[in-house]
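Just below is one structure, and these are the notes that go with it.
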Amino acid sequence: TSMGTLKIGSDCLFTLAHENMTIEMLEDNLGTITITKPGLSIAALGEGATLSGAFAFEADAFLKSTFLKGDTLVTTPNAQLRAKIKADAEESFKLLGTVIEEVGERIIVGDTTFVFNSTTITDLNNAEGWPNGIPAEGCEVTIAGVGVNAVISENLTTRWNNVTVQDGAALRIASSGLSLPEIMLKGNAVLTIASDFNLTEIMTMAVGEEFPTVVVSEGVTLTVPAGYKFKDVHLVLCEGSTLTESGDGPIVFGYADSNETTYFAMHATNATITALNSAKVEKAAGIAFVSPADGGVVKVVEDIVLKNSTITYSAKDGFIFGLNNPEFENFKMIVDNTPLDIGQDTYVAGGANLVLTNNTVLFRRRSTKNEHPENIANTYSIY
């Protein structure tokens with residue numbers, strides 16, 4: 001993809017969104033040119049060109065795959081233009097700790113220094129685990145490398161903007177009451193909640209068909225925001241663990257937005273799940289499983305298992321299994337010695353195969369007085 005002459009006026013926003021683009025001449029840049037892909041080539045800078053605007057780069061920590069180490073941001077023979085682009089790139093990438101290098105006519109992406117990659121040190125508060133010491137407040141950091149097992153404990157007082165755990169690495173939260181930044185889990189990254197914890201923000205991203213695992217350790221309580229939706233995750237609730245929510249809203253285990261495809265797996269053993277949803281809405285539930293928005297797809301990669309567990313929620317709620325998920329996405333959910341108490345209509349839909357075993361029953365709630373006048377609905381249906 002190429003263009004002849006480019007001239008950007010004051011307050012103009014212009015995005016270059018193709019890889020390996022060529023611009024024959026840049027006359028002026030008084031606005032902002034945003035570069036989202038590597039390999040841009042600018043053959044010449046116009047005589048008397050003004051460069052009072054900015055060159056911006058997509059350098060979000062959660063989108064690091066956009067620019068990788070060794071990528072060429074821009075190639076240009078003009079030294080003035082190279083200096084301007086290098087300075088602006090350094091500003092864009094500074095919170096990532098990414099070094100921007102000038103090699104001949106090229107501006108390239110160098111090392112990222114805010115990466116914890118030690119396989120021998122686990123404490124994120126130990127400077128020896130980082131290439132250049134512990135990143136400063138407000139930085140965006142990464143935990144990367146197979147066999148890297150990082151731990152956040154009460155010793156960590158630095159507040160970063162976000163923490164990305166890359167494919168193959170693991171993060172363990174070992175203390176309660178911590179104020180943590182956003183956490184992004186990519187690929188088969190693992191997050192272990194080893195102490196009571198209030199989850200504020202976690203993002204999960206599948207890489208191909210690999211997706212992250214979140215483990216709630218034995219005896220630990222994980223509190224999620226009201227109406228939390230789990231997607232692209234293998235959720236493991238260990239012996240005696242509890243999952244609850246901080247406010248009133250339905251919990252969805254296995255969700256996808258419209259036109260989105262996600263992955264999900266879940267295993268719970270002797271665990272407690274509590275939802276606080278109190279509003280009775282048609283085809284809404286305190287707890288839903290594998291139920292995307294209309295047009296979304298959730299792929300369940302192995303049987304969902306709830307064993308010897310307790311599920312509690314508002315008396316007005318029922319359960320939803322597989323609603324809106326395509327019928328061709330078959331999945332099995334094994335509920336073993338875990339009663340499911342219906343407070344309103346319950347839906348088994350899509351490709352859901354609900355298996356109740358070892359004393360598990362679906363039953364409806366009755367009033368405390370066991371009174372059922374004819375004018376009061378007391379029968380709930382399973383669809």
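Here, A, B, ... name the chains of the structure tokens in the order displayed, residue numbers run from 1 inside each chain, and ligands are numbered from 1 in the same displayed order.
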
Residues of segment 114-210 of chain A at most 12 Å from segment 249-265 of chain A: nearest atom pair and distance in Å, only C-alpha atoms, as JSON lines:
```
{"residue": "A:Gly187", "atom": "CA", "partner": "A:Tyr263", "partner_atom": "CA", "distance": 11.0}
{"residue": "A:Asn188", "atom": "CA", "partner": "A:Tyr263", "partner_atom": "CA", "distance": 11.8}
{"residue": "A:Thr204", "atom": "CA", "partner": "A:Thr262", "partner_atom": "CA", "distance": 9.9}
{"residue": "A:Met205", "atom": "CA", "partner": "A:Thr262", "partner_atom": "CA", "distance": 8.7}
{"residue": "A:Ala206", "atom": "CA", "partner": "A:Tyr263", "partner_atom": "CA", "distance": 7.5}
{"residue": "A:Val207", "atom": "CA", "partner": "A:Tyr263", "partner_atom": "CA", "distance": 10.4}
{"residue": "A:Gly208", "atom": "CA", "partner": "A:Tyr263", "partner_atom": "CA", "distance": 10.1}
{"residue": "A:Glu209", "atom": "CA", "partner": "A:Tyr263", "partner_atom": "CA", "distance": 7.7}
{"residue": "A:Glu210", "atom": "CA", "partner": "A:Tyr263", "partner_atom": "CA", "distance": 8.5}
```

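Neighbouring residues of Phe114 of chain A at 8 Å or closer, counting only C-alpha atoms and skipping chain neighbours under 6 positions away, are Leu96, Gly97, Thr98, Trp130, Pro131, Asn132, Ile134, Pro135, Cys139, Glu140, Val141 and Thr142 of chain A.
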
With N, CA, C and O atoms kept, could you save the residues just selected as a PDB file, in the first residue's frame?
```pdb
ATOM      1  N   LEU A  96       5.758   1.439  28.910  1.00  0.00           N
ATOM      2  CA  LEU A  96       6.032   0.016  28.736  1.00  0.00           C
ATOM      3  C   LEU A  96       7.492  -0.306  29.006  1.00  0.00           C
ATOM      4  O   LEU A  96       7.865  -1.476  29.056  1.00  0.00           O
ATOM      5  N   GLY A  97       8.310   0.740  29.137  1.00  0.00           N
ATOM      6  CA  GLY A  97       9.730   0.499  29.301  1.00  0.00           C
ATOM      7  C   GLY A  97      10.391  -0.012  28.041  1.00  0.00           C
ATOM      8  O   GLY A  97      11.442  -0.657  28.099  1.00  0.00           O
ATOM      9  N   THR A  98       9.795   0.265  26.890  1.00  0.00           N
ATOM     10  CA  THR A  98      10.323  -0.236  25.622  1.00  0.00           C
ATOM     11  C   THR A  98      11.353   0.751  25.050  1.00  0.00           C
ATOM     12  O   THR A  98      11.071   1.941  24.911  1.00  0.00           O
ATOM     13  N   TRP A 130      13.912  -8.196  37.802  1.00  0.00           N
ATOM     14  CA  TRP A 130      13.633  -7.278  36.689  1.00  0.00           C
ATOM     15  C   TRP A 130      14.942  -6.904  35.993  1.00  0.00           C
ATOM     16  O   TRP A 130      15.974  -6.764  36.649  1.00  0.00           O
ATOM     17  N   PRO A 131      14.929  -6.679  34.681  1.00  0.00           N
ATOM     18  CA  PRO A 131      16.165  -6.325  33.967  1.00  0.00           C
ATOM     19  C   PRO A 131      16.814  -5.046  34.482  1.00  0.00           C
ATOM     20  O   PRO A 131      18.034  -4.936  34.534  1.00  0.00           O
ATOM     21  N   ASN A 132      15.993  -4.050  34.865  1.00  0.00           N
ATOM     22  CA  ASN A 132      16.532  -2.766  35.316  1.00  0.00           C
ATOM     23  C   ASN A 132      15.873  -2.306  36.611  1.00  0.00           C
ATOM     24  O   ASN A 132      15.559  -1.124  36.774  1.00  0.00           O
ATOM     25  N   ILE A 134      12.899  -2.561  39.823  1.00  0.00           N
ATOM     26  CA  ILE A 134      11.433  -2.537  39.897  1.00  0.00           C
ATOM     27  C   ILE A 134      10.906  -1.311  39.145  1.00  0.00           C
ATOM     28  O   ILE A 134      11.330  -0.187  39.400  1.00  0.00           O
ATOM     29  N   PRO A 135       9.997  -1.510  38.189  1.00  0.00           N
ATOM     30  CA  PRO A 135       9.438  -0.369  37.453  1.00  0.00           C
ATOM     31  C   PRO A 135       8.738   0.612  38.388  1.00  0.00           C
ATOM     32  O   PRO A 135       8.201   0.241  39.429  1.00  0.00           O
ATOM     33  N   CYS A 139       3.738   2.569  35.657  1.00  0.00           N
ATOM     34  CA  CYS A 139       4.216   1.838  34.485  1.00  0.00           C
ATOM     35  C   CYS A 139       3.287   0.668  34.148  1.00  0.00           C
ATOM     36  O   CYS A 139       2.421   0.294  34.944  1.00  0.00           O
ATOM     37  N   GLU A 140       3.497   0.112  32.976  1.00  0.00           N
ATOM     38  CA  GLU A 140       2.735  -1.044  32.519  1.00  0.00           C
ATOM     39  C   GLU A 140       3.716  -2.206  32.393  1.00  0.00           C
ATOM     40  O   GLU A 140       4.642  -2.153  31.589  1.00  0.00           O
ATOM     41  N   VAL A 141       3.522  -3.236  33.201  1.00  0.00           N
ATOM     42  CA  VAL A 141       4.538  -4.276  33.332  1.00  0.00           C
ATOM     43  C   VAL A 141       4.036  -5.602  32.792  1.00  0.00           C
ATOM     44  O   VAL A 141       2.834  -5.833  32.649  1.00  0.00           O
ATOM     45  N   THR A 142       5.009  -6.480  32.515  1.00  0.00           N
ATOM     46  CA  THR A 142       4.708  -7.791  31.931  1.00  0.00           C
ATOM     47  C   THR A 142       5.420  -8.875  32.716  1.00  0.00           C
ATOM     48  O   THR A 142       6.568  -8.708  33.142  1.00  0.00           O
TER      49      THR A 142
END
```

Q) Quick one: DSSP strand (DSSP E) residues in segment 42-156 of chain A, as number ranges by chain? A) A: 42, 54-57, 72-75, 98-103, 106-112, 115-116, 140-143, 149-152

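Take the candidates A:Ile202, A:Val115, A:Met25, A:Val165 and check each one against Ala49 of chain A using only C-alpha atoms; the shortest distance goes to A:Met25.
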
Q) Within 12 Å of Pro77 of chain A, counting only C-alpha atoms, which residues qualify if same-chain residues fewer than 3 places away don't, as a list in words? A)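 The contact residues come out as Glu24, Met25, Ser41, Ile42, Ala43, Ala44, Leu45, Val74, Gln80, Leu81, Arg82, Ala83, Glu102, Val103, Gly104, Glu105, Arg106 and Ile107 of chain A.
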
(Q) Taking 6 positions as the minimum chain separation for residues in the same chain, which residues sit within 7 Å of Asn325 of chain A when counting only C-alpha atoms? Answer as an NGL selection string. (A) :A and (290-292 or 296-298 or 350)

Generate a file of the selected residues that holds C-alpha atoms, formatted as a PDB file, in the first residue's frame.
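The resulting out26.pdb:
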```
ATOM      1  CA  VAL A 290     -22.397 -20.963  28.743  1.00  0.00           C
ATOM      2  CA  SER A 291     -24.891 -18.265  27.820  1.00  0.00           C
ATOM      3  CA  PRO A 292     -23.531 -15.594  25.469  1.00  0.00           C
ATOM      4  CA  GLY A 296     -21.989 -14.876  20.443  1.00  0.00           C
ATOM      5  CA  VAL A 297     -20.350 -18.310  20.653  1.00  0.00           C
ATOM      6  CA  VAL A 298     -18.872 -20.010  23.712  1.00  0.00           C
ATOM      7  CA  GLY A 350     -28.401 -24.721  22.801  1.00  0.00           C
TER       8      GLY A 350
END
```

Q: With a distance cut-off of 9 Å and only C-alpha atoms, select the neighbouring residues of Glu182 of chain A, excluding the residue or stretch itself and same-chain residues fewer than 6 positions from it, and output the selection as a list in words.
A: Trp160, Asn161, Asn162, Val163, Thr164, Thr200, Glu201, Ile202 and Met203 of chain A

Would you write out those residues with N, CA and C atoms, as a CSV table (one decimal), in the first residue's frame?
```
chain,number,residue,atom,x,y,z
A,160,TRP,N,1.3,-0.1,39.7
A,160,TRP,CA,1.4,0.0,38.3
A,160,TRP,C,0.1,0.2,37.6
A,161,ASN,N,0.1,0.7,36.4
A,161,ASN,CA,-1.2,0.8,35.7
A,161,ASN,C,-1.8,-0.5,35.4
A,162,ASN,N,-1.0,-1.5,34.9
A,162,ASN,CA,-1.6,-2.8,34.6
A,162,ASN,C,-0.5,-3.8,34.6
A,163,VAL,N,-0.9,-5.1,34.8
A,163,VAL,CA,0.1,-6.2,34.7
A,163,VAL,C,-0.4,-7.2,33.7
A,164,THR,N,0.4,-7.5,32.7
A,164,THR,CA,0.1,-8.5,31.7
A,164,THR,C,0.9,-9.8,32.0
A,200,THR,N,-11.3,-6.6,41.1
A,200,THR,CA,-11.8,-5.4,40.5
A,200,THR,C,-11.8,-5.4,39.0
A,201,GLU,N,-10.7,-5.9,38.4
A,201,GLU,CA,-10.6,-5.9,36.9
A,201,GLU,C,-9.6,-6.9,36.5
A,202,ILE,N,-10.1,-7.9,35.7
A,202,ILE,CA,-9.2,-8.9,35.1
A,202,ILE,C,-9.7,-9.1,33.7
A,203,MET,N,-8.7,-9.1,32.7
A,203,MET,CA,-9.0,-9.4,31.3
A,203,MET,C,-8.4,-10.7,30.9
```

Q | Contacts of Val146 of chain A within 9 Å, only C-alpha atoms, excl. fewer than 3 positions in-chain, as a ChimeraX atom specification | A | /A:117,119,149,166-170

Deliver the residues from the most recent selection as a file, using C-alpha atoms, as a PDB file, in the first residue's frame.
```
ATOM      1  CA  ASN A 117      11.201 -12.984  33.528  1.00  0.00           C
ATOM      2  CA  THR A 119      12.702 -18.394  36.773  1.00  0.00           C
ATOM      3  CA  ASN A 149       6.054 -17.931  38.611  1.00  0.00           C
ATOM      4  CA  GLN A 166       1.951 -13.662  29.034  1.00  0.00           C
ATOM      5  CA  ASP A 167       1.376 -17.132  27.602  1.00  0.00           C
ATOM      6  CA  GLY A 168       3.271 -19.701  29.706  1.00  0.00           C
ATOM      7  CA  ALA A 169       3.815 -17.527  32.807  1.00  0.00           C
ATOM      8  CA  ALA A 170       1.987 -17.545  36.144  1.00  0.00           C
TER       9      ALA A 170
END
```

Q: Can you work out the spacing between atom CA of Ser10 of chain A and atom CA of Phe55 of chain A in Å, to one decimal?
A: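 It comes out at 13.3 Å.
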
Q. Looking at A:Thr269, A:Thr312, A:Thr32, A:Ser175, which one is nearest to Gly286 of chain A, with distances taken over only C-alpha atoms?
A.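 When distances to Gly286 of chain A are compared using only C-alpha atoms, the smallest one comes from A:Thr312.
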
Q: Calculate how many Å separate atom CA of Leu323 of chain A from atom CA of Leu354 of chain A, rounding to one decimal.
A: 12.8 Å

**Q.** Interatomic distance, atom CA of Asn358 of chain A to atom CA of Pro326 of chain A (Å, one decimal)
**A.**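 Separation of atom CA of Asn358 of chain A and atom CA of Pro326 of chain A: 29.0 Å.
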
**Q.** Minimum-distance residue to Pro181 of chain A, chosen among A:Thr157, A:Thr15, A:Asn337, A:Asn78 (using only C-alpha atoms)
**A.** A:Thr157

(Q) Quick one: residues within 8 Å of Val214 of chain A, only C-alpha atoms, excluding same-chain residues fewer than 5 positions away - as a PyMOL selection string? (A) chain A and resi 190-193+233-236

Output of the above residues as a tab-separated table (two decimals), in the first residue's frame, restricted to all heavy atoms:
```
chain	number	residue	atom	x	y	z
A	190	VAL	N	-1.54	-18.41	33.94
A	190	VAL	CA	-2.26	-18.91	35.12
A	190	VAL	C	-2.26	-17.84	36.20
A	190	VAL	O	-1.21	-17.26	36.52
A	190	VAL	CB	-1.62	-20.20	35.67
A	190	VAL	CG1	-2.35	-20.66	36.94
A	190	VAL	CG2	-1.63	-21.30	34.62
A	191	LEU	N	-3.43	-17.56	36.76
A	191	LEU	CA	-3.56	-16.69	37.92
A	191	LEU	C	-4.10	-17.52	39.07
A	191	LEU	O	-5.16	-18.14	38.96
A	191	LEU	CB	-4.51	-15.53	37.63
A	191	LEU	CG	-4.84	-14.62	38.82
A	191	LEU	CD1	-3.60	-13.86	39.28
A	191	LEU	CD2	-5.96	-13.64	38.47
A	192	THR	N	-3.37	-17.53	40.19
A	192	THR	CA	-3.80	-18.25	41.38
A	192	THR	C	-4.16	-17.26	42.48
A	192	THR	O	-3.34	-16.42	42.85
A	192	THR	CB	-2.71	-19.21	41.89
A	192	THR	OG1	-2.41	-20.17	40.87
A	192	THR	CG2	-3.16	-19.95	43.14
A	193	ILE	N	-5.38	-17.36	42.97
A	193	ILE	CA	-5.84	-16.52	44.09
A	193	ILE	C	-5.61	-17.34	45.36
A	193	ILE	O	-6.36	-18.29	45.63
A	193	ILE	CB	-7.31	-16.13	43.95
A	193	ILE	CG1	-7.63	-15.61	42.56
A	193	ILE	CG2	-7.70	-15.13	45.02
A	193	ILE	CD1	-6.95	-14.34	42.19
A	233	VAL	N	-11.61	-18.38	29.88
A	233	VAL	CA	-10.95	-18.76	31.13
A	233	VAL	C	-11.34	-20.17	31.53
A	233	VAL	O	-12.44	-20.65	31.24
A	233	VAL	CB	-11.34	-17.76	32.26
A	233	VAL	CG1	-12.81	-17.89	32.62
A	233	VAL	CG2	-10.47	-17.95	33.50
A	234	HIS	N	-10.39	-20.86	32.16
A	234	HIS	CA	-10.67	-22.12	32.85
A	234	HIS	C	-10.71	-21.79	34.33
A	234	HIS	O	-9.68	-21.48	34.94
A	234	HIS	CB	-9.58	-23.15	32.55
A	234	HIS	CG	-9.78	-24.46	33.24
A	234	HIS	ND1	-8.87	-25.47	33.20
A	234	HIS	CD2	-10.81	-24.94	34.01
A	234	HIS	CE1	-9.30	-26.51	33.90
A	234	HIS	NE2	-10.49	-26.19	34.40
A	235	LEU	N	-11.90	-21.80	34.91
A	235	LEU	CA	-12.09	-21.43	36.30
A	235	LEU	C	-12.04	-22.67	37.18
A	235	LEU	O	-12.81	-23.61	36.96
A	235	LEU	CB	-13.42	-20.71	36.48
A	235	LEU	CG	-13.78	-20.26	37.89
A	235	LEU	CD1	-12.78	-19.22	38.41
A	235	LEU	CD2	-15.20	-19.69	37.92
A	236	VAL	N	-11.15	-22.67	38.17
A	236	VAL	CA	-11.00	-23.80	39.07
A	236	VAL	C	-11.27	-23.33	40.49
A	236	VAL	O	-10.54	-22.48	41.03
A	236	VAL	CB	-9.58	-24.41	38.98
A	236	VAL	CG1	-9.45	-25.59	39.94
A	236	VAL	CG2	-9.26	-24.84	37.55
```
